[in-house]
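Colleague: Have a peek at target_36.txt (compact mmCIF, C-alpha atoms).
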```txt
# COMPACT_ATOMS: atom_id res chain seq x y z
CA MET B 1 -20.93 34.87 -22.87
CA SER B 2 -18.40 37.54 -22.00
CA VAL B 3 -16.12 39.05 -24.63
CA GLN B 4 -12.69 37.48 -24.90
CA TYR B 5 -9.74 39.38 -26.33
CA PHE B 6 -6.82 38.30 -28.49
CA VAL B 7 -3.86 40.43 -29.57
CA GLY B 8 -1.83 40.31 -32.77
CA LEU B 9 1.49 42.14 -33.07
CA ASP B 10 3.41 42.86 -36.26
CA LEU B 11 6.47 43.79 -34.25
CA ALA B 12 9.05 46.22 -35.58
CA ALA B 13 12.72 45.54 -34.87
CA LYS B 14 13.22 49.01 -33.36
CA HIS B 15 10.82 50.63 -30.95
CA LEU B 16 10.86 53.90 -32.94
CA ARG B 17 9.43 52.17 -36.01
CA PRO B 18 5.70 51.41 -36.23
CA THR B 19 4.37 48.15 -34.82
CA GLY B 20 1.00 46.98 -36.09
CA VAL B 21 -1.38 46.13 -33.24
CA CYS B 22 -4.67 44.27 -33.45
CA ILE B 23 -7.26 43.61 -30.77
CA LEU B 24 -9.60 40.84 -31.95
CA THR B 25 -12.68 39.96 -29.94
CA SER B 26 -14.21 36.51 -29.71
CA GLN B 27 -17.10 37.93 -31.79
CA GLY B 28 -14.82 38.90 -34.68
CA LEU B 29 -14.51 42.64 -34.11
CA CYS B 30 -11.02 43.71 -35.14
CA LEU B 31 -9.49 47.01 -33.96
CA THR B 32 -6.10 47.95 -35.39
CA TRP B 33 -3.61 50.78 -34.99
CA MET B 34 0.08 51.58 -35.10
CA ALA B 35 2.04 51.63 -31.83
CA TYR B 36 5.35 53.34 -31.27
CA GLY B 37 7.36 51.96 -28.39
CA ASP B 38 7.10 49.10 -25.94
CA GLY B 39 4.99 51.13 -23.52
CA GLU B 40 2.03 51.30 -25.93
CA ILE B 41 2.18 47.55 -26.51
CA LEU B 42 2.38 46.76 -22.80
CA ASP B 43 -0.43 49.21 -21.99
CA THR B 44 -2.65 47.49 -24.56
CA VAL B 45 -2.08 44.07 -23.04
CA ARG B 46 -2.55 45.40 -19.50
CA TYR B 47 -5.83 47.06 -20.46
CA PHE B 48 -7.43 44.28 -22.56
CA ARG B 49 -6.00 41.25 -20.69
CA PRO B 50 -6.03 39.02 -23.80
CA LEU B 51 -6.10 35.26 -23.55
CA CYS B 52 -3.40 34.98 -26.21
CA VAL B 53 -0.89 37.26 -27.95
CA ALA B 54 0.48 36.18 -31.34
CA VAL B 55 3.69 37.88 -32.44
CA ASP B 56 5.13 38.14 -35.94
CA ALA B 57 8.71 37.77 -34.75
CA PRO B 58 10.99 34.98 -33.57
CA LEU B 59 10.54 34.28 -29.85
CA SER B 60 13.66 32.12 -29.45
CA TRP B 61 17.17 31.51 -30.75
CA PRO B 62 18.38 28.35 -32.48
CA ARG B 63 19.98 25.82 -30.11
CA ARG B 64 22.82 25.49 -32.56
CA GLY B 65 23.52 26.67 -36.05
CA ARG B 66 21.75 29.51 -37.78
CA THR B 67 18.18 28.23 -37.99
CA ARG B 68 15.60 26.59 -35.79
CA ARG B 69 13.82 23.35 -36.60
CA CYS B 70 10.51 25.22 -37.06
CA GLU B 71 11.98 27.31 -39.88
CA ARG B 72 13.47 24.28 -41.58
CA MET B 73 10.15 22.41 -41.33
CA LEU B 74 8.24 25.30 -42.89
CA TRP B 75 10.84 25.77 -45.63
CA GLY B 76 10.24 22.11 -46.51
CA MET B 77 6.54 22.97 -46.96
CA GLY B 78 7.34 25.87 -49.29
CA LEU B 79 6.81 28.56 -46.63
CA ARG B 80 9.50 31.16 -45.99
CA PRO B 81 9.89 32.41 -42.41
CA LEU B 82 12.99 34.55 -42.03
CA PRO B 83 15.76 33.14 -39.81
CA GLN B 84 17.43 35.12 -37.03
CA SER B 85 20.78 34.95 -38.82
CA LEU B 86 19.75 37.86 -41.06
CA GLY B 87 21.06 41.16 -39.67
CA PRO B 88 17.78 43.01 -38.94
CA MET B 89 16.19 39.81 -37.62
CA ARG B 90 18.66 39.69 -34.72
CA ALA B 91 17.38 43.02 -33.36
CA LEU B 92 13.78 41.90 -33.92
CA THR B 93 14.40 38.61 -32.10
CA ARG B 94 16.03 40.37 -29.13
CA ARG B 95 13.09 42.78 -28.84
CA ALA B 96 10.50 40.00 -29.24
CA ILE B 97 12.09 37.79 -26.58
CA ARG B 98 12.35 40.71 -24.14
CA LEU B 99 8.74 41.80 -24.73
CA SER B 100 7.37 38.25 -24.55
CA THR B 101 9.02 37.77 -21.15
CA ILE B 102 7.18 40.86 -19.87
CA LEU B 103 3.88 39.99 -21.58
CA LYS B 104 3.79 36.54 -19.96
CA ARG B 105 3.49 38.29 -16.58
CA TYR B 106 0.00 39.45 -17.62
CA GLY B 107 -1.20 35.85 -17.91
CA ALA B 108 -1.63 35.62 -21.69
CA ALA B 109 -0.31 32.78 -23.80
CA ILE B 110 2.44 34.20 -26.06
CA ILE B 111 2.93 32.50 -29.42
CA GLU B 112 4.98 33.06 -32.57
CA THR B 113 3.44 33.13 -36.03
CA PHE B 114 4.09 34.80 -39.36
CA PRO B 115 1.46 36.39 -41.60
CA ASP B 116 2.85 35.21 -44.95
CA GLY B 117 2.57 31.64 -43.71
CA VAL B 118 -0.99 32.29 -42.51
CA ARG B 119 -1.93 33.65 -45.95
CA LYS B 120 -0.47 30.64 -47.73
CA VAL B 121 -1.93 28.01 -45.37
CA LEU B 122 -5.41 29.58 -45.60
CA ASN B 123 -5.07 30.51 -49.29
CA LEU B 124 -5.71 34.20 -48.58
CA GLY B 125 -4.81 37.19 -50.69
CA ALA B 126 -3.04 40.25 -49.38
CA GLY B 127 -6.12 42.39 -48.69
CA VAL B 128 -8.86 43.04 -46.17
CA PRO B 129 -11.68 41.42 -48.24
CA ASP B 130 -10.22 37.97 -47.53
CA LEU B 131 -10.51 38.70 -43.80
CA TRP B 132 -14.12 39.81 -44.29
CA ARG B 133 -14.86 36.42 -45.90
CA LEU B 134 -13.55 34.77 -42.72
CA GLY B 135 -16.04 36.82 -40.71
CA LEU B 136 -13.69 39.43 -39.27
CA ARG B 137 -15.15 42.89 -38.91
CA ILE B 138 -12.20 45.06 -39.86
CA PRO B 139 -11.95 48.47 -41.56
CA GLU B 140 -11.01 48.51 -45.22
CA GLU B 141 -8.38 51.24 -44.97
CA ILE B 142 -5.57 49.90 -42.81
CA SER B 143 -1.80 49.75 -43.20
CA VAL B 144 0.12 46.63 -44.18
CA HIS B 145 1.40 46.42 -40.59
CA GLU B 146 -2.15 46.52 -39.23
CA LEU B 147 -3.22 43.86 -41.72
CA ASP B 148 -0.37 41.60 -40.62
CA ALA B 149 -1.30 42.26 -36.98
CA ALA B 150 -4.90 41.24 -37.77
CA LEU B 151 -3.64 37.94 -39.21
CA CYS B 152 -1.61 37.43 -36.03
CA GLY B 153 -4.72 38.19 -33.95
CA LEU B 154 -6.63 35.58 -35.94
CA VAL B 155 -3.94 33.00 -35.16
CA ALA B 156 -4.15 33.91 -31.46
CA LEU B 157 -7.91 33.26 -31.49
CA LEU B 158 -7.52 30.02 -33.46
CA PHE B 159 -4.78 28.87 -31.07
CA TRP B 160 -7.08 29.43 -28.11
CA ARG B 161 -9.79 27.43 -29.88
CA GLY B 162 -7.40 24.57 -30.65
CA ASN B 163 -7.47 25.08 -34.41
CA THR B 164 -3.74 25.49 -35.08
CA VAL B 165 -0.64 23.42 -35.76
CA ALA B 166 2.70 23.96 -34.00
CA TYR B 167 5.79 23.47 -36.17
CA GLY B 168 9.18 22.93 -34.56
CA ASP B 169 10.59 21.74 -31.27
CA PRO B 170 8.95 23.09 -28.09
CA GLY B 171 12.37 23.13 -26.41
CA GLU B 172 13.80 25.36 -29.13
CA GLY B 173 10.79 27.28 -30.44
CA VAL B 174 7.65 26.70 -32.46
CA ILE B 175 5.78 28.66 -35.10
CA ILE B 176 2.00 28.43 -34.89
CA LEU B 177 -0.13 28.40 -38.04
CA PRO B 178 -3.87 27.81 -38.62
CA LYS B 179 -5.16 24.32 -39.27
CA PRO B 180 -7.18 24.52 -42.52
CA PRO B 181 -9.95 24.45 -43.39
CA LEU B 182 -11.44 26.93 -40.95
CA ARG B 183 -14.78 26.12 -39.37
CA GLU B 184 -17.49 28.69 -38.77
CA MET B 185 -15.75 31.16 -36.47
CA PHE B 186 -18.22 33.83 -35.36
```
Show me this structure written as structure tokens.
Modeller:
Amino acid sequence: MSVQYFVGLDLAAKHLRPTGVCILTSQGLCLTWMAYGDGEILDTVRYFRPLCVAVDAPLSWPRRGRTRRCERMLWGMGLRPLPQSLGPMRALTRRAIRLSTILKRYGAAIIETFPDGVRKVLNLGAGVPDLWRLGLRIPEEISVHELDAALCGLVALLFWRGNTVAYGDPGEGVIILPKPPLREMF
């Protein structure tokens, strides 16, 4: 079986700030680094041709009001995605929507997720050892942005395997989270 690639992005609101990037293979190998600028992100997707890219950023605006249905649904479950109505989230949403439009041209599925929700749904702590227990081969010494990108990469892989739940309205925007419990992955 050939190696399949999945990308996780912990996107920064401004291109000059660090974005966590993760390349996750279908065998569980996880490579992470910090990218600065849209060019590095686009080059990564062009080079690896992932099947799915999961982004920790809103990929749509509310149809009306200040929040989307997906956020309200998750708030009702005790999860706390940040809405676009917060000042810095507007810039992040604009960048995410622009980048996702470009990334779709490379043939990958582009989905929205958020690492804090992934941690809570899967009952994970904040460190790398929890990812090791899931079978991911990831270095111990990584930044918080890289760790969040790895969680996004995991969601991308799980989405491709059909082991996720979509919250929200497809016409307005959905947030994708894992469907617990996880089966044997690698």
Colleague: Write out as a CSV table (one decimal) with C-alpha atoms, keeping the file's coordinate frame each polymer residue whose atoms come within 10 Å of segment 154-157 of chain B, counting only C-alpha atoms; drop sequence neighbours fewer than 5 positions from it.
Modeller:
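File written: around_6.csv
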```csv
chain,number,residue,atom,x,y,z
B,4,GLN,CA,-12.7,37.5,-24.9
B,5,TYR,CA,-9.7,39.4,-26.3
B,6,PHE,CA,-6.8,38.3,-28.5
B,7,VAL,CA,-3.9,40.4,-29.6
B,8,GLY,CA,-1.8,40.3,-32.8
B,22,CYS,CA,-4.7,44.3,-33.4
B,23,ILE,CA,-7.3,43.6,-30.8
B,24,LEU,CA,-9.6,40.8,-32.0
B,25,THR,CA,-12.7,40.0,-29.9
B,26,SER,CA,-14.2,36.5,-29.7
B,28,GLY,CA,-14.8,38.9,-34.7
B,30,CYS,CA,-11.0,43.7,-35.1
B,50,PRO,CA,-6.0,39.0,-23.8
B,51,LEU,CA,-6.1,35.3,-23.6
B,52,CYS,CA,-3.4,35.0,-26.2
B,53,VAL,CA,-0.9,37.3,-28.0
B,54,ALA,CA,0.5,36.2,-31.3
B,55,VAL,CA,3.7,37.9,-32.4
B,109,ALA,CA,-0.3,32.8,-23.8
B,110,ILE,CA,2.4,34.2,-26.1
B,111,ILE,CA,2.9,32.5,-29.4
B,112,GLU,CA,5.0,33.1,-32.6
B,113,THR,CA,3.4,33.1,-36.0
B,114,PHE,CA,4.1,34.8,-39.4
B,115,PRO,CA,1.5,36.4,-41.6
B,118,VAL,CA,-1.0,32.3,-42.5
B,131,LEU,CA,-10.5,38.7,-43.8
B,134,LEU,CA,-13.6,34.8,-42.7
B,136,LEU,CA,-13.7,39.4,-39.3
B,148,ASP,CA,-0.4,41.6,-40.6
B,149,ALA,CA,-1.3,42.3,-37.0
B,162,GLY,CA,-7.4,24.6,-30.6
B,163,ASN,CA,-7.5,25.1,-34.4
B,164,THR,CA,-3.7,25.5,-35.1
B,176,ILE,CA,2.0,28.4,-34.9
B,177,LEU,CA,-0.1,28.4,-38.0
B,178,PRO,CA,-3.9,27.8,-38.6
B,179,LYS,CA,-5.2,24.3,-39.3
B,185,MET,CA,-15.8,31.2,-36.5
```
Colleague: Please tabulate, as a tab-separated table, the residues of segment 41-120 of chain B that come within 12 Å of segment 17-21 of chain B, each with its closest pair of atoms and the distance in Å to one decimal, counting only C-alpha atoms and ordering rows by chain, then residue number upward.
Modeller:
```
residue	atom	partner	partner_atom	distance
B:Ile41	CA	B:Val21	CA	7.7
B:Leu42	CA	B:Val21	CA	11.1
B:Asp43	CA	B:Val21	CA	11.7
B:Thr44	CA	B:Val21	CA	8.9
B:Val45	CA	B:Val21	CA	10.4
B:Val53	CA	B:Val21	CA	10.3
B:Ala54	CA	B:Val21	CA	10.3
B:Val55	CA	B:Val21	CA	9.7
B:Asp56	CA	B:Gly20	CA	9.8
B:Ala57	CA	B:Thr19	CA	11.3
B:Leu92	CA	B:Thr19	CA	11.3
B:Arg95	CA	B:Thr19	CA	11.9
B:Ala96	CA	B:Thr19	CA	11.6
B:Pro115	CA	B:Gly20	CA	11.9
```
Colleague: Kindly save the residues from that selection, with C-alpha atoms included, as a short mmCIF file (atom, residue, chain, number, x, y, z; two decimals), in the frame of the given file.
Modeller:
```
data_model
loop_
_atom_site.label_atom_id
_atom_site.label_comp_id
_atom_site.auth_asym_id
_atom_site.auth_seq_id
_atom_site.Cartn_x
_atom_site.Cartn_y
_atom_site.Cartn_z
CA ILE B 41 2.18 47.55 -26.51
CA LEU B 42 2.38 46.76 -22.80
CA ASP B 43 -0.43 49.21 -21.99
CA THR B 44 -2.65 47.49 -24.56
CA VAL B 45 -2.08 44.07 -23.04
CA VAL B 53 -0.89 37.26 -27.95
CA ALA B 54 0.48 36.18 -31.34
CA VAL B 55 3.69 37.88 -32.44
CA ASP B 56 5.13 38.14 -35.94
CA ALA B 57 8.71 37.77 -34.75
CA LEU B 92 13.78 41.90 -33.92
CA ARG B 95 13.09 42.78 -28.84
CA ALA B 96 10.50 40.00 -29.24
CA PRO B 115 1.46 36.39 -41.60
#
```
Colleague: Using only the atoms of segment 109-127 of chain B listed in the file, plus 4 Å on each side, state the axis-aligned box centre and edge lengths in Å rounded to one decimal, as JSON.
Modeller:
```
{"center_x": -0.6, "center_y": 35.2, "center_z": -37.2, "size_x": 19.1, "size_y": 22.4, "size_z": 34.9}
```
Colleague: In Å, with one decimal, what is the gap from atom CA of Leu79 of chain B to atom CA of Asp116 of chain B?
Modeller: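 Calculated distance between atom CA of Leu79 of chain B and atom CA of Asp116 of chain B is 7.9 Å.
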Colleague: If I take atom CA of Met1 of chain B and atom CA of Ala166 of chain B, how far is one from the other in Å, to one decimal?
Modeller: 28.3 Å
Colleague: Determine, counting all atoms listed in the file, which protein, DNA and RNA residues have an atom within 12 Å of an atom of Cys70 of chain B; residues of the same chain fewer than 2 positions away are not included. Present the result as number ranges by chain.
Modeller: B: 58-63, 67-68, 72-77, 79-83, 112-114, 165-177
Colleague: Just give me the gap between atom CA of Thr101 of chain B and atom CA of Arg46 of chain B in Å, one decimal is fine.
Modeller: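 So the two atoms, atom CA of Thr101 of chain B and atom CA of Arg46 of chain B, lie 14.0 Å apart.
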Colleague: With only C-alpha atoms as the atoms that count, which of B:Leu151, B:Glu71, B:Leu124, B:Leu31 lies nearest to Pro181 of chain B?
Modeller: B:Leu124
Colleague: Considering all atoms listed in the file, state which residue in the set B:Ser85, B:Phe48, B:Gly39, B:Leu182 is at the smallest distance from Gly135 of chain B.
Modeller: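 Among the listed residues, B:Leu182 lies closest to Gly135 of chain B.
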